[in-house]
Every structure is written in C-alpha cells, then in structure tokens.
>>> print(open('run-v3.tsv').read())   # TSV, C-alpha atoms
chain	number	residue	atom	x	y	z
A	45	MET	CA	0.00	0.00	0.00
A	46	MET	CA	2.73	2.44	0.87
A	47	LEU	CA	4.69	1.90	-2.31
A	48	ALA	CA	1.54	2.38	-4.38
A	49	VAL	CA	0.94	5.80	-2.84
A	50	ARG	CA	4.58	6.80	-2.91
A	51	SER	CA	4.87	5.93	-6.59
A	52	ARG	CA	2.55	8.82	-7.46
A	53	ARG	CA	5.10	11.21	-5.94
A	54	ARG	CA	7.91	10.16	-8.27
A	55	ALA	CA	8.37	11.81	-11.64
A	56	LEU	CA	10.83	11.10	-14.46
A	57	THR	CA	11.56	14.36	-16.24
A	58	GLY	CA	14.25	14.28	-18.91
A	59	GLY	CA	15.67	11.13	-17.36
A	60	GLN	CA	16.11	12.56	-13.88
A	61	VAL	CA	13.94	11.01	-11.20
A	62	ILE	CA	12.80	13.63	-8.76
A	63	ALA	CA	11.49	12.44	-5.44
A	64	LEU	CA	9.49	14.09	-2.77
A	65	LEU	CA	10.48	14.99	0.76
A	66	ALA	CA	7.00	14.72	2.28
A	67	THR	CA	5.79	14.89	5.85
A	68	VAL	CA	2.57	15.32	7.81
A	69	LEU	CA	0.77	18.05	9.73
A	70	ALA	CA	0.53	17.58	13.48
A	71	ALA	CA	-1.22	19.31	16.34
A	72	CYS	CA	-0.97	23.07	16.30
A	73	SER	CA	0.51	25.40	18.90
A	74	GLY	CA	2.54	28.58	19.20
A	75	HIS	CA	2.88	31.75	17.16
A	76	ARG	CA	2.78	32.11	13.42
A	77	ALA	CA	6.07	30.75	12.02
A	78	ALA	CA	8.15	33.03	9.87
A	79	PRO	CA	8.50	32.04	6.19
A	80	ALA	CA	11.59	30.06	5.34
A	81	THR	CA	14.70	32.13	4.71
A	82	THR	CA	17.69	31.43	2.52
A	83	ALA	CA	20.10	32.18	5.38
A	84	GLY	CA	19.23	29.02	7.33
A	85	TYR	CA	19.72	26.57	4.46
A	86	PRO	CA	21.34	23.50	6.13
A	87	ALA	CA	24.19	21.74	4.32
A	88	ALA	CA	23.23	18.44	6.00
A	89	TYR	CA	20.14	17.25	7.83
A	90	ALA	CA	18.20	14.13	8.80
A	91	VAL	CA	14.53	13.70	9.61
A	92	VAL	CA	12.64	10.68	10.96
A	93	TYR	CA	8.93	10.58	10.16
A	94	ARG	CA	5.90	8.65	11.27
A	95	ASP	CA	4.08	7.94	8.02
A	96	VAL	CA	0.44	6.83	7.98
A	97	VAL	CA	-0.79	5.66	4.58
A	98	ASN	CA	-4.45	4.66	4.39
A	99	GLY	CA	-4.38	3.86	8.09
A	100	ILE	CA	-1.16	1.81	7.99
A	101	SER	CA	1.80	3.25	9.91
A	102	HIS	CA	5.46	3.17	8.85
A	103	THR	CA	8.71	4.86	9.74
A	104	GLU	CA	10.72	6.83	7.20
A	105	VAL	CA	14.27	8.06	7.56
A	106	LEU	CA	15.54	10.84	5.30
A	107	GLU	CA	19.17	11.89	5.45
A	108	VAL	CA	20.62	14.49	3.07
A	109	HIS	CA	24.17	15.72	2.59
A	110	ARG	CA	23.86	18.57	0.14
A	111	PRO	CA	24.37	19.11	-2.65
A	112	PHE	CA	24.09	15.60	-4.16
A	113	ASP	CA	23.99	12.75	-1.63
A	114	GLY	CA	21.18	11.32	0.44
A	115	PHE	CA	18.88	8.42	1.20
A	116	ASP	CA	15.17	8.09	1.92
A	117	LEU	CA	14.33	4.71	3.52
A	118	SER	CA	11.07	3.23	4.77
A	119	TYR	CA	10.59	0.67	7.54
A	120	SER	CA	7.47	-1.35	8.26
A	121	PHE	CA	7.67	-0.71	12.01
A	122	LEU	CA	7.15	2.44	14.05
A	123	GLU	CA	10.30	1.76	16.10
A	124	PRO	CA	12.49	-0.26	13.74
A	125	THR	CA	15.85	-1.78	14.47
A	126	TYR	CA	17.98	-0.17	11.82
A	127	SER	CA	20.05	-3.32	11.40
A	128	MET	CA	17.03	-4.77	9.56
A	129	ALA	CA	16.61	-4.22	5.84
A	130	PRO	CA	14.36	-1.32	4.86
A	131	SER	CA	11.07	-2.21	3.19
A	132	GLY	CA	11.71	0.34	0.45
A	133	GLY	CA	13.26	3.64	-0.43
A	134	TRP	CA	15.88	5.43	-2.48
A	135	VAL	CA	19.60	6.17	-2.39
A	136	SER	CA	21.02	9.10	-4.36
A	137	THR	CA	24.60	9.74	-5.43
A	138	PRO	CA	25.84	12.70	-7.52
A	139	THR	CA	24.96	10.94	-10.80
A	140	GLY	CA	22.90	7.88	-9.84
A	141	LEU	CA	19.52	6.99	-8.34
A	142	TYR	CA	18.94	3.60	-6.70
A	143	ASP	CA	15.66	1.92	-5.82
A	144	VAL	CA	15.92	0.07	-2.51
A	145	THR	CA	13.95	-3.12	-1.75
A	146	GLN	CA	14.36	-5.78	0.92
A	147	SER	CA	16.65	-7.64	-1.48
A	148	GLY	CA	18.92	-4.62	-1.83
A	149	PRO	CA	19.43	-1.57	-4.07
A	150	ARG	CA	18.93	-1.54	-7.83
A	151	LEU	CA	20.20	1.17	-10.16
A	152	VAL	CA	17.26	3.04	-11.66
A	153	GLY	CA	19.70	4.92	-13.84
A	154	GLY	CA	22.09	7.81	-14.12
A	155	HIS	CA	20.72	11.30	-13.59
A	156	GLN	CA	21.92	14.83	-14.07
A	157	PRO	CA	23.69	16.25	-10.99
A	158	GLY	CA	21.13	17.80	-8.69
A	159	PRO	CA	19.48	17.55	-5.26
A	160	PRO	CA	19.13	13.98	-3.95
A	161	SER	CA	15.87	12.10	-3.90
A	162	GLY	CA	13.77	13.36	-0.98
A	163	ASP	CA	15.42	16.78	-0.75
A	164	GLU	CA	13.25	19.86	-1.27
A	165	TYR	CA	13.78	23.55	-2.00
A	166	VAL	CA	10.18	24.81	-1.85
A	167	GLY	CA	10.75	26.43	1.56
A	168	SER	CA	13.09	29.02	0.05
A	169	GLU	CA	10.77	29.69	-2.91
A	170	LEU	CA	7.62	30.44	-0.93
A	171	ALA	CA	7.29	34.12	-1.85
A	172	ASP	CA	7.65	33.33	-5.57
A	173	LEU	CA	5.39	30.27	-5.29
A	174	VAL	CA	2.59	32.24	-3.65
A	175	GLY	CA	3.06	35.10	-6.11
A	176	ARG	CA	2.58	32.76	-9.07
A	177	GLY	CA	-0.43	30.96	-7.58
A	178	LEU	CA	1.53	27.74	-7.04
A	179	ALA	CA	1.10	27.73	-3.26
A	180	LEU	CA	-1.37	29.18	-0.77
A	181	ASP	CA	-0.38	30.54	2.63
A	182	LEU	CA	-2.93	29.02	5.02
A	183	ASN	CA	-1.90	31.47	7.78
A	184	SER	CA	-1.50	28.72	10.34
A	185	SER	CA	1.44	27.11	12.07
A	186	ARG	CA	2.40	23.96	13.91
A	187	ARG	CA	5.06	22.91	16.35
A	188	ILE	CA	6.54	19.60	15.23
A	189	ALA	CA	9.58	17.83	16.70
A	190	GLY	CA	10.28	20.95	18.74
A	191	ARG	CA	10.40	23.22	15.68
A	192	GLN	CA	7.92	25.83	14.49
A	193	CYS	CA	6.63	25.56	10.92
A	194	ALA	CA	4.14	27.40	8.70
A	195	VAL	CA	1.48	25.65	6.62
A	196	TYR	CA	1.24	26.10	2.84
A	197	ARG	CA	-1.10	24.37	0.41
A	198	PHE	CA	0.00	22.87	-2.91
A	199	ALA	CA	-2.05	21.25	-5.66
A	200	SER	CA	-0.29	17.91	-5.11
A	201	PRO	CA	2.91	16.64	-3.47
A	202	PRO	CA	5.60	18.85	-5.05
A	203	SER	CA	7.72	16.80	-7.43
A	204	GLY	CA	9.42	18.50	-10.35
A	205	PRO	CA	7.51	21.46	-11.85
A	206	ILE	CA	4.93	22.79	-9.40
A	207	ALA	CA	1.34	23.02	-10.62
A	208	ALA	CA	-1.05	25.88	-9.90
A	209	VAL	CA	-3.22	25.46	-6.81
A	210	SER	CA	-6.86	26.42	-6.24
A	211	SER	CA	-8.40	27.20	-2.86
A	212	ARG	CA	-11.53	25.33	-4.01
A	213	ALA	CA	-9.81	22.13	-5.14
A	214	LYS	CA	-10.74	18.95	-3.26
A	215	ASP	CA	-7.32	17.44	-3.97
A	216	HIS	CA	-4.40	19.20	-2.31
A	217	ASP	CA	-1.23	18.76	-0.31
A	218	ASP	CA	-0.58	20.79	2.87
A	219	LEU	CA	3.06	21.14	3.88
A	220	CYS	CA	4.36	22.55	7.17
A	221	ILE	CA	7.72	24.21	6.44
A	222	ASP	CA	10.14	25.59	9.02
A	223	ALA	CA	12.36	28.66	8.76
A	224	THR	CA	15.29	26.63	7.35
A	225	GLY	CA	13.13	25.26	4.54
A	226	LEU	CA	12.68	21.76	6.01
A	227	VAL	CA	9.29	20.13	5.51
A	228	LEU	CA	8.16	18.84	8.90
A	229	GLY	CA	4.59	17.84	8.16
A	230	GLU	CA	2.23	16.93	5.34
A	231	THR	CA	-1.39	16.01	4.81
A	232	TRP	CA	-2.06	14.71	1.31
A	233	THR	CA	-5.72	14.76	0.23
A	234	TYR	CA	-6.38	12.77	-2.96
A	235	HIS	CA	-9.84	12.47	-4.54
A	236	ALA	CA	-11.18	14.36	-1.51
A	237	LYS	CA	-9.79	11.73	0.90
A	238	VAL	CA	-6.72	11.99	3.13
A	239	VAL	CA	-4.45	9.22	1.86
A	240	GLU	CA	-1.29	10.06	3.77
A	241	ARG	CA	-0.28	11.89	6.92
A	242	ARG	CA	3.34	12.24	7.88
A	243	THR	CA	4.88	13.83	10.96
A	244	ALA	CA	8.51	14.46	11.82
A	245	SER	CA	9.48	12.89	15.15
A	246	LEU	CA	13.20	13.73	15.04
A	247	VAL	CA	15.18	16.43	13.23
A	248	ALA	CA	18.98	16.57	13.22
A	249	VAL	CA	20.70	19.49	11.48
A	250	GLY	CA	24.44	19.35	10.76
A	251	THR	CA	26.84	16.42	10.48
A	252	ASP	CA	27.56	16.31	14.23
A	253	ALA	CA	23.86	16.13	15.13
A	254	ILE	CA	23.29	13.45	12.49
A	255	ALA	CA	26.20	11.39	13.85
A	256	HIS	CA	24.61	11.39	17.33
A	257	ALA	CA	21.11	10.55	16.10
A	258	ASN	CA	21.77	6.79	15.78
A	259	LEU	CA	20.28	6.57	12.30
A	260	PRO	CA	20.73	3.74	9.76
A	261	ASN	CA	23.48	3.58	7.19
A	262	PRO	CA	22.27	3.39	3.59
A	263	PRO	CA	22.74	0.05	1.80
A	264	SER	CA	25.84	-0.17	-0.38
A	265	THR	CA	25.28	0.57	-4.06
A	266	ALA	CA	28.67	-0.77	-5.14
A	267	HIS	CA	27.27	-3.84	-6.91
A	268	ALA	CA	23.83	-2.58	-7.90
A	269	LYS	CA	22.93	-3.33	-11.51
A	270	PRO	CA	20.80	-1.25	-13.90
A	271	ALA	CA	17.09	-2.00	-13.96
A	272	SER	CA	17.03	-2.28	-17.76
A	273	ALA	CA	19.06	-1.75	-20.92
A	274	ALA	CA	17.07	1.45	-21.48
A	275	ALA	CA	18.26	2.99	-18.20
A	276	PRO	CA	19.77	6.47	-18.61
A	277	SER	CA	23.50	6.82	-18.13
A	278	VAL	CA	25.88	9.58	-17.04
A	279	THR	CA	29.61	9.70	-17.81
A	280	SER	CA	32.32	12.33	-17.37
A	281	VAL	CA	33.57	14.15	-20.47
A	282	ASP	CA	36.52	16.43	-21.19
A	283	ALA	CA	35.97	19.75	-22.99
A	284	PRO	CA	32.48	19.01	-24.37
A	285	VAL	CA	31.38	20.92	-27.46
A	286	THR	CA	27.84	22.31	-27.35
A	287	PRO	CA	26.04	25.29	-28.94
A	288	VAL	CA	26.69	27.17	-25.68
A	289	ALA	CA	30.22	28.15	-24.65
A	290	ALA	CA	31.56	26.50	-21.50
A	291	PRO	CA	30.02	28.45	-18.58
A	292	THR	CA	32.14	30.47	-16.19
A	293	VAL	CA	32.26	29.43	-12.54
A	294	PRO	CA	29.73	31.50	-10.55
A	295	THR	CA	31.22	33.92	-8.04
A	296	GLY	CA	31.66	32.22	-4.67
A	297	TYR	CA	31.33	28.74	-6.18
A	298	GLN	CA	33.69	26.00	-7.33
A	299	VAL	CA	33.39	23.20	-9.87
A	300	ALA	CA	31.39	20.39	-8.25
A	301	LEU	CA	31.92	17.70	-10.88
A	302	GLN	CA	33.66	17.36	-14.21
A	303	PRO	CA	31.18	18.01	-17.06
A	304	GLN	CA	28.76	15.09	-17.33
A	305	LEU	CA	27.28	13.56	-20.49
A	306	PHE	CA	23.71	12.36	-19.93
A	307	ARG	CA	22.25	9.81	-22.36
A	308	LEU	CA	18.65	8.59	-22.37
A	309	PRO	CA	18.21	5.52	-24.63
A	310	ASN	CA	15.11	5.02	-26.73
A	311	PRO	CA	13.01	2.57	-24.66
A	312	ASP	CA	11.84	0.81	-27.84
A	313	ASN	CA	15.37	0.54	-29.23
A	314	PRO	CA	18.01	0.99	-26.49
A	315	SER	CA	20.81	1.09	-29.07
A	316	THR	CA	19.57	4.52	-30.17
A	317	VAL	CA	19.50	7.72	-28.14
A	318	ALA	CA	16.26	9.57	-27.34
A	319	ALA	CA	17.96	12.46	-25.52
A	320	ARG	CA	21.47	13.65	-24.86
A	321	SER	CA	22.83	16.56	-22.83
A	322	VAL	CA	25.96	17.95	-21.17
A	323	VAL	CA	25.74	19.26	-17.59
A	324	TRP	CA	28.16	21.62	-15.83
A	325	SER	CA	27.72	21.79	-12.04
A	326	TYR	CA	29.00	24.20	-9.39
A	327	ARG	CA	28.69	24.25	-5.61
A	328	ASN	CA	29.49	26.58	-2.73
A	329	ALA	CA	30.53	25.90	0.86
A	330	ALA	CA	26.91	25.81	2.08
A	331	GLY	CA	25.98	23.04	-0.34
A	332	ARG	CA	24.07	25.22	-2.77
A	333	ILE	CA	24.38	24.34	-6.44
A	334	ILE	CA	23.98	25.89	-9.88
A	335	THR	CA	23.87	23.64	-12.95
A	336	VAL	CA	23.86	24.41	-16.66
A	337	GLU	CA	22.50	21.72	-18.99
A	338	VAL	CA	22.64	21.94	-22.79
A	339	GLY	CA	20.92	19.19	-24.74
A	340	ALA	CA	18.77	17.96	-27.59
A	341	GLU	CA	16.09	15.32	-27.98
A	342	ALA	CA	14.86	13.20	-30.87
A	343	GLY	CA	12.20	14.92	-32.97
A	344	GLY	CA	13.03	18.31	-31.47
A	345	LYS	CA	11.20	17.49	-28.23
A	346	LEU	CA	11.79	19.46	-25.04
A	347	PRO	CA	12.43	18.05	-21.55
A	348	TRP	CA	9.61	20.16	-20.13
A	349	SER	CA	5.94	20.71	-20.91
A	350	VAL	CA	4.69	24.16	-21.81
A	351	ASN	CA	1.82	23.84	-19.31
A	352	ASP	CA	3.56	22.01	-16.45
A	353	THR	CA	3.72	25.14	-14.26
A	354	VAL	CA	3.22	28.91	-14.37
A	355	THR	CA	6.21	30.39	-16.18
A	356	ARG	CA	7.34	33.97	-16.71
A	357	PRO	CA	9.23	35.30	-19.73
A	358	LEU	CA	12.64	36.93	-19.67
A	359	SER	CA	15.37	37.79	-22.15
A	360	LEU	CA	18.99	36.71	-21.96
A	361	PRO	CA	21.62	38.82	-23.79
A	362	SER	CA	23.12	35.97	-25.83
A	363	LEU	CA	20.68	33.07	-25.60
A	364	GLY	CA	17.58	35.14	-26.36
A	365	THR	CA	14.04	34.53	-25.12
A	366	ALA	CA	13.71	32.37	-22.01
A	367	THR	CA	11.22	31.53	-19.29
A	368	SER	CA	11.56	30.99	-15.56
A	369	ALA	CA	9.85	28.09	-13.78
A	370	LEU	CA	9.63	26.95	-10.16
A	371	ARG	CA	10.26	23.33	-9.22
A	372	SER	CA	10.40	21.29	-6.04
A	373	ASP	CA	14.20	21.19	-6.37
A	374	GLY	CA	14.69	24.89	-7.06
A	375	PRO	CA	14.04	27.45	-9.80
A	376	GLU	CA	14.81	26.77	-13.43
A	377	ILE	CA	15.57	28.94	-16.47
A	378	ARG	CA	14.42	27.39	-19.77
A	379	VAL	CA	15.73	28.33	-23.20
A	380	VAL	CA	14.83	26.91	-26.62
A	381	LEU	CA	17.86	27.43	-28.86
A	382	ARG	CA	17.55	28.66	-32.41
A	383	GLY	CA	18.22	25.79	-34.78
A	384	GLY	CA	17.25	23.14	-32.23
A	385	GLY	CA	18.30	22.09	-28.78
A	386	TRP	CA	17.64	23.63	-25.39
A	387	VAL	CA	19.26	24.94	-22.21
A	388	ARG	CA	18.20	24.47	-18.58
A	389	VAL	CA	19.82	26.44	-15.77
A	390	ARG	CA	18.89	25.17	-12.32
A	391	GLY	CA	19.96	25.89	-8.78
A	392	THR	CA	19.17	25.75	-5.10
A	393	VAL	CA	19.50	29.52	-5.09
A	394	PRO	CA	17.00	32.40	-5.25
A	395	LEU	CA	15.43	32.92	-8.67
A	396	THR	CA	17.01	36.39	-8.96
A	397	THR	CA	20.46	34.85	-8.47
A	398	LEU	CA	19.78	32.23	-11.14
A	399	ILE	CA	18.55	34.84	-13.63
A	400	ALA	CA	21.63	37.01	-13.05
A	401	TYR	CA	23.93	34.04	-13.68
A	402	SER	CA	21.98	32.95	-16.78
A	403	ARG	CA	22.59	36.38	-18.31
A	404	GLN	CA	26.31	35.53	-18.35
A	405	LEU	CA	25.88	32.50	-20.63
A	406	ARG	CA	27.04	32.90	-24.22
A	407	LEU	CA	26.55	31.02	-27.46
A	408	ARG	CA	29.66	29.45	-28.91
>>> encode(input="run-v3.tsv", output="structure tokens")
Amino acid sequence: MMLAVRSRRRALTGGQVIALLATVLAACSGHRAAPATTAGYPAAYAVVYRDVVNGISHTEVLEVHRPFDGFDLSYSFLEPTYSMAPSGGWVSTPTGLYDVTQSGPRLVGGHQPGPPSGDEYVGSELADLVGRGLALDLNSSRRIAGRQCAVYRFASPPSGPIAAVSSRAKDHDDLCIDATGLVLGETWTYHAKVVERRTASLVAVGTDAIAHANLPNPPSTAHAKPASAAAPSVTSVDAPVTPVAAPTVPTGYQVALQPQLFRLPNPDNPSTVAARSVVWSYRNAAGRIITVEVGAEAGGKLPWSVNDTVTRPLSLPSLGTATSALRSDGPEIRVVLRGGGWVRVRGTVPLTTLIAYSRQLRLR
C-alpha cells in the first residue's frame, strides 16, 4: 500500500527522477512561524517521520548531505531496528539513483547532478510560489519535533515542476515548512480523501547532530545493476562541445563535478539515443548548487511541458528569449535554442540569483 501511494510522488523528467520529501501536519501550537529564509539553508540534515498511509503506519528516515547525496528509507515498524533491511526507499549519489527493496538496491539509472531524492527547495521559494499561484499561505502554524513551521497548500505533493493550486480544489497537499526550509509535516488529500499523513518525530541538522542521532546507514550501491538496458547513463567528459560556450564558474562557487554527459536511450530501441545533454555543475561551501545543462532530444522534443507550471518570460543577452519556472528542487531557467536544442539552468538559489547568472551564458 505504501509503495503504491509513494509511486505517485515520483516523476521522471528528462531522465532525472525527482522524489518528494514529504511529511505530515501535526497538532498546532505557538505563534505564526516566519516564512523560510535562505540564510538558514542547512548543508546536512536528517529527519525521521511517522508515516500513515491509508491507516497503515510506517517509519521513514531521510538523510541528506547537500548538494548531491542522500537516502530516503522506509521501515514497516514504528520503532524499527535499523540493522534490519528497509522495506523500500531510495539512495542518491551525484549521478545515480537507486531503488531500494528488501533484497537490496537496484540502479534506476544515471541522472543529471542535482538535489538527492527526498530533498526539497520549496521552503526558500515560498514568496515566488505564492506570487505565481503555485502555493497558498494558510496562515496557520504547527510545532513539530520541537520546531515551528508554517502551513502552505499545494495542488499535489511537489515533485518536479509545481502546478497551480486552487483554494476550491478537493485534492491538495498541505506542507508545514520551518524557517530553514525543512518540511516537517504533510497532509495529502487525494480524490477528496486523506491518503497520507506524515509527521517528523526527530530532526537533526548538521553532520555532528546526524552522527549522534543513531540513524541507519544506507545500503551499499557498489554492486547494484541497472534496472534495464534502457536505463539512462551519465559519464564524465573532457571539454564538451555544445552550442553554448563553457560556462564560467559562478562567483563564490567552485566546480562540483567534471562536465557530465547524460544519455537517455530510446526505450523501444536501447541502441539509439532519445535524448542527450551535457551538464556543468557548481557548488558553494553551504551546499548550494547551480547547474547548466545543454541538450537535444529526438524529434526536437523538449524536456519540459509548456503547461507544467506557471512560467514567466525573460530575455537573456546571448541566448535570447527564455522563461523561468519553479520546481520542487529549485528554480529553473528554460531556453529553446535557435536551430534546435535547449538549455536548462537550475539551482538551489533564489530565482534572482539564477537569472543574473543565466545572463552571463554565451553562445559558442
């Protein structure tokens, strides 16, 4: 039952599986919590949740070491012994996503460098999300696991591009977000019925706090095999040639990974390529990232849908017309290149920062 519900939270967009950090609303107390700020963005954190899906309780453990690494594991017991195998979950590395079952991890496929499965950035986008009609401030707060959080309503569990929300919709997802951007609680209403409630019972922020929290170690992915021949792959490349000149390193950042070549095989004929892109990635000391991806897809397709979220137009000096979009893993700048191909600029940074950096990109 749990995996059936959780599967609706996962989305494969351009080969990258984006997963949801979701939690549940709990009893309310205290003053109105301040909106999340960018200053408190934690470089590492762990959260343990009590997860109730259609009346069945589980435990979930999420641990994230930004920018790229993390795991999100589920246990069938409320007080599990972490030496036992998890009943399900995910493990993320900088370029790989692994599906975890009781028999061990399996490689779903390579993915473009980005936030790990289960990590979220919506807390630092709240002003923009509300302004675009993608979230509603419910003007209420909770105190969960000793931390104050504010409640915001979304159309559905945020995963990838965030859809517009209506105050009259019967289906919705209410997230309680603290001032550091962590999601502490969630109530997911689907077809007018609450299908999942999740509540944080423990929050550890920082590597020292995580080390003292007595949490499980993720299963080793060293010998995990791909799920299929059509699984996407990611490999390092030297001096890639694309329609866009190699980006400059953002001020205050350093190169996170060597440029990565992403390949998505055609599922009907894995020997051919359905999509290909090159990704440059940069990180700062706080674990924030900015990535630049330049790619092309068979038939001139794009890795995003025109109507997947509320976008806003902008103009970039060299690349031309672009749009900005808001996602669960941070803002995104989208560009359709003249003559074919596309560019995506993403980051766990404010949208204004991402736009300013995108203006520095140049065609080759």
>>> residues_around(input="run-v3.tsv", residues="Ala248 in chain A", least_positions_apart="3", cutoff="10 Å", atoms="only C-alpha atoms", output="PyMOL selection string")
chain A and resi 88-92+107+251-257
>>> write_last_selection(input="run-v3.tsv", atoms="C-alpha atoms", output="JSON list (two decimals), in the coordinates of the input")
[["chain", "number", "residue", "atom", "x", "y", "z"],
["A", 88, "ALA", "CA", 23.23, 18.44, 6.00],
["A", 89, "TYR", "CA", 20.14, 17.25, 7.83],
["A", 90, "ALA", "CA", 18.20, 14.13, 8.80],
["A", 91, "VAL", "CA", 14.53, 13.70, 9.61],
["A", 92, "VAL", "CA", 12.64, 10.68, 10.96],
["A", 107, "GLU", "CA", 19.17, 11.89, 5.45],
["A", 251, "THR", "CA", 26.84, 16.42, 10.48],
["A", 252, "ASP", "CA", 27.56, 16.31, 14.23],
["A", 253, "ALA", "CA", 23.86, 16.13, 15.13],
["A", 254, "ILE", "CA", 23.29, 13.45, 12.49],
["A", 255, "ALA", "CA", 26.20, 11.39, 13.85],
["A", 256, "HIS", "CA", 24.61, 11.39, 17.33],
["A", 257, "ALA", "CA", 21.11, 10.55, 16.10]]
>>> closest_atom_pairs(input="run-v3.tsv", of="range 100-219 of chain A", to="range 266-290 of chain A", cutoff="6 Å", atoms="all atoms listed in the file", output="Markdown table")
| residue | atom | partner | partner_atom | distance |
| --- | --- | --- | --- | --- |
| A:Pro149 | CA | A:Ala268 | CA | 5.9 |
| A:Arg150 | CA | A:Ala268 | CA | 5.0 |
| A:Leu151 | CA | A:Pro270 | CA | 4.5 |
| A:Val152 | CA | A:Ala271 | CA | 5.5 |
| A:Gly153 | CA | A:Ala275 | CA | 5.0 |
| A:Gly154 | CA | A:Ser277 | CA | 4.4 |
>>> axis_aligned_box(input="run-v3.tsv", around="range 365-373 of chain A", padding_each_side="4 Å", output="AutoDock Vina command-line options")
--center_x 11.9 --center_y 27.9 --center_z -15.6 --size_x 12.6 --size_y 21.3 --size_z 27.1
>>> residues_around(input="run-v3.tsv", residues="range 378-393 of chain A", least_positions_apart="4", cutoff="7 Å", atoms="all atoms listed in the file", output="PDB file with C-alpha atoms, in the coordinates of the input")
ATOM      1  CA  TYR A 165      13.780  23.550  -2.000  1.00  0.00           C
ATOM      2  CA  ARG A 332      24.070  25.220  -2.770  1.00  0.00           C
ATOM      3  CA  ILE A 333      24.380  24.340  -6.440  1.00  0.00           C
ATOM      4  CA  ILE A 334      23.980  25.890  -9.880  1.00  0.00           C
ATOM      5  CA  THR A 335      23.870  23.640 -12.950  1.00  0.00           C
ATOM      6  CA  VAL A 336      23.860  24.410 -16.660  1.00  0.00           C
ATOM      7  CA  GLU A 337      22.500  21.720 -18.990  1.00  0.00           C
ATOM      8  CA  VAL A 338      22.640  21.940 -22.790  1.00  0.00           C
ATOM      9  CA  GLY A 339      20.920  19.190 -24.740  1.00  0.00           C
ATOM     10  CA  ALA A 340      18.770  17.960 -27.590  1.00  0.00           C
ATOM     11  CA  GLY A 344      13.030  18.310 -31.470  1.00  0.00           C
ATOM     12  CA  THR A 365      14.040  34.530 -25.120  1.00  0.00           C
ATOM     13  CA  ALA A 366      13.710  32.370 -22.010  1.00  0.00           C
ATOM     14  CA  THR A 367      11.220  31.530 -19.290  1.00  0.00           C
ATOM     15  CA  SER A 368      11.560  30.990 -15.560  1.00  0.00           C
ATOM     16  CA  ASP A 373      14.200  21.190  -6.370  1.00  0.00           C
ATOM     17  CA  GLY A 374      14.690  24.890  -7.060  1.00  0.00           C
ATOM     18  CA  THR A 397      20.460  34.850  -8.470  1.00  0.00           C
ATOM     19  CA  LEU A 398      19.780  32.230 -11.140  1.00  0.00           C
ATOM     20  CA  SER A 402      21.980  32.950 -16.780  1.00  0.00           C
TER      21      SER A 402
END
>>> closest_residue(input="run-v3.tsv", among="A:Gly99, A:Pro263, A:Pro205, A:Gly343", to="Ile377 in chain A", atoms="all atoms listed in the file")
A:Pro205
>>> atom_distance(input="run-v3.tsv", atom1="CA of Pro138 in chain A", atom2="CA of Ser325 in chain A")
10.3 Å
>>> residues_near_point(input="run-v3.tsv", point="(18.5, -7.5, 8.0)", cutoff="12 Å", atoms="only C-alpha atoms", output="JSON, numbers by chain")
{"A": [119, 124, 125, 126, 127, 128, 129, 130, 131, 145, 146, 147, 148, 260, 263]}
>>> closest_residue(input="run-v3.tsv", among="A:Ala87, A:Val350, A:Leu170, A:Cys193", to="Arg110 in chain A", atoms="only C-alpha atoms")
A:Ala87
>>> atom_distance(input="run-v3.tsv", atom1="CA of Arg241 in chain A", atom2="CA of Val96 in chain A")
5.2 Å
>>> atom_distance(input="run-v3.tsv", atom1="CA of Val249 in chain A", atom2="CA of Tyr297 in chain A")
22.6 Å
>>> closest_residue(input="run-v3.tsv", among="A:Tyr142, A:Leu180, A:Gly190, A:Leu360", to="Ala213 in chain A", atoms="only C-alpha atoms")
A:Leu180
>>> residues_around(input="run-v3.tsv", residues="Gly225 in chain A", least_positions_apart="3", cutoff="7 Å", atoms="all atoms listed in the file", output="short mmCIF file (atom, residue, chain, number, x, y, z; two decimals) with C-alpha atoms, in the coordinates of the input")
data_model
loop_
_atom_site.label_atom_id
_atom_site.label_comp_id
_atom_site.auth_asym_id
_atom_site.auth_seq_id
_atom_site.Cartn_x
_atom_site.Cartn_y
_atom_site.Cartn_z
CA ALA A 80 11.59 30.06 5.34
CA TYR A 85 19.72 26.57 4.46
CA TYR A 165 13.78 23.55 -2.00
CA GLY A 167 10.75 26.43 1.56
CA SER A 168 13.09 29.02 0.05
CA ILE A 221 7.72 24.21 6.44
CA ASP A 222 10.14 25.59 9.02
#
>>> closest_residue(input="run-v3.tsv", among="A:Val166, A:Leu173, A:Val293, A:Ala329", to="Thr353 in chain A", atoms="only C-alpha atoms")
A:Leu173
>>> residues_near_point(input="run-v3.tsv", point="(7.4, 20.2, 12.7)", cutoff="10 Å", atoms="all atoms listed in the file", output="count of residues only")
30
>>> closest_residue(input="run-v3.tsv", among="A:Gln156, A:Thr139, A:Thr224, A:Thr355", to="Val323 in chain A", atoms="all atoms listed in the file")
A:Gln156
>>> residues_around(input="run-v3.tsv", residues="Leu301 in chain A", least_positions_apart="2", cutoff="8 Å", atoms="all atoms listed in the file", output="PyMOL selection string")
chain A and resi 299+303-304+324-326
>>> closest_residue(input="run-v3.tsv", among="A:Asp215, A:His155, A:Asn183, A:Ser161", to="Leu308 in chain A", atoms="only C-alpha atoms")
A:His155
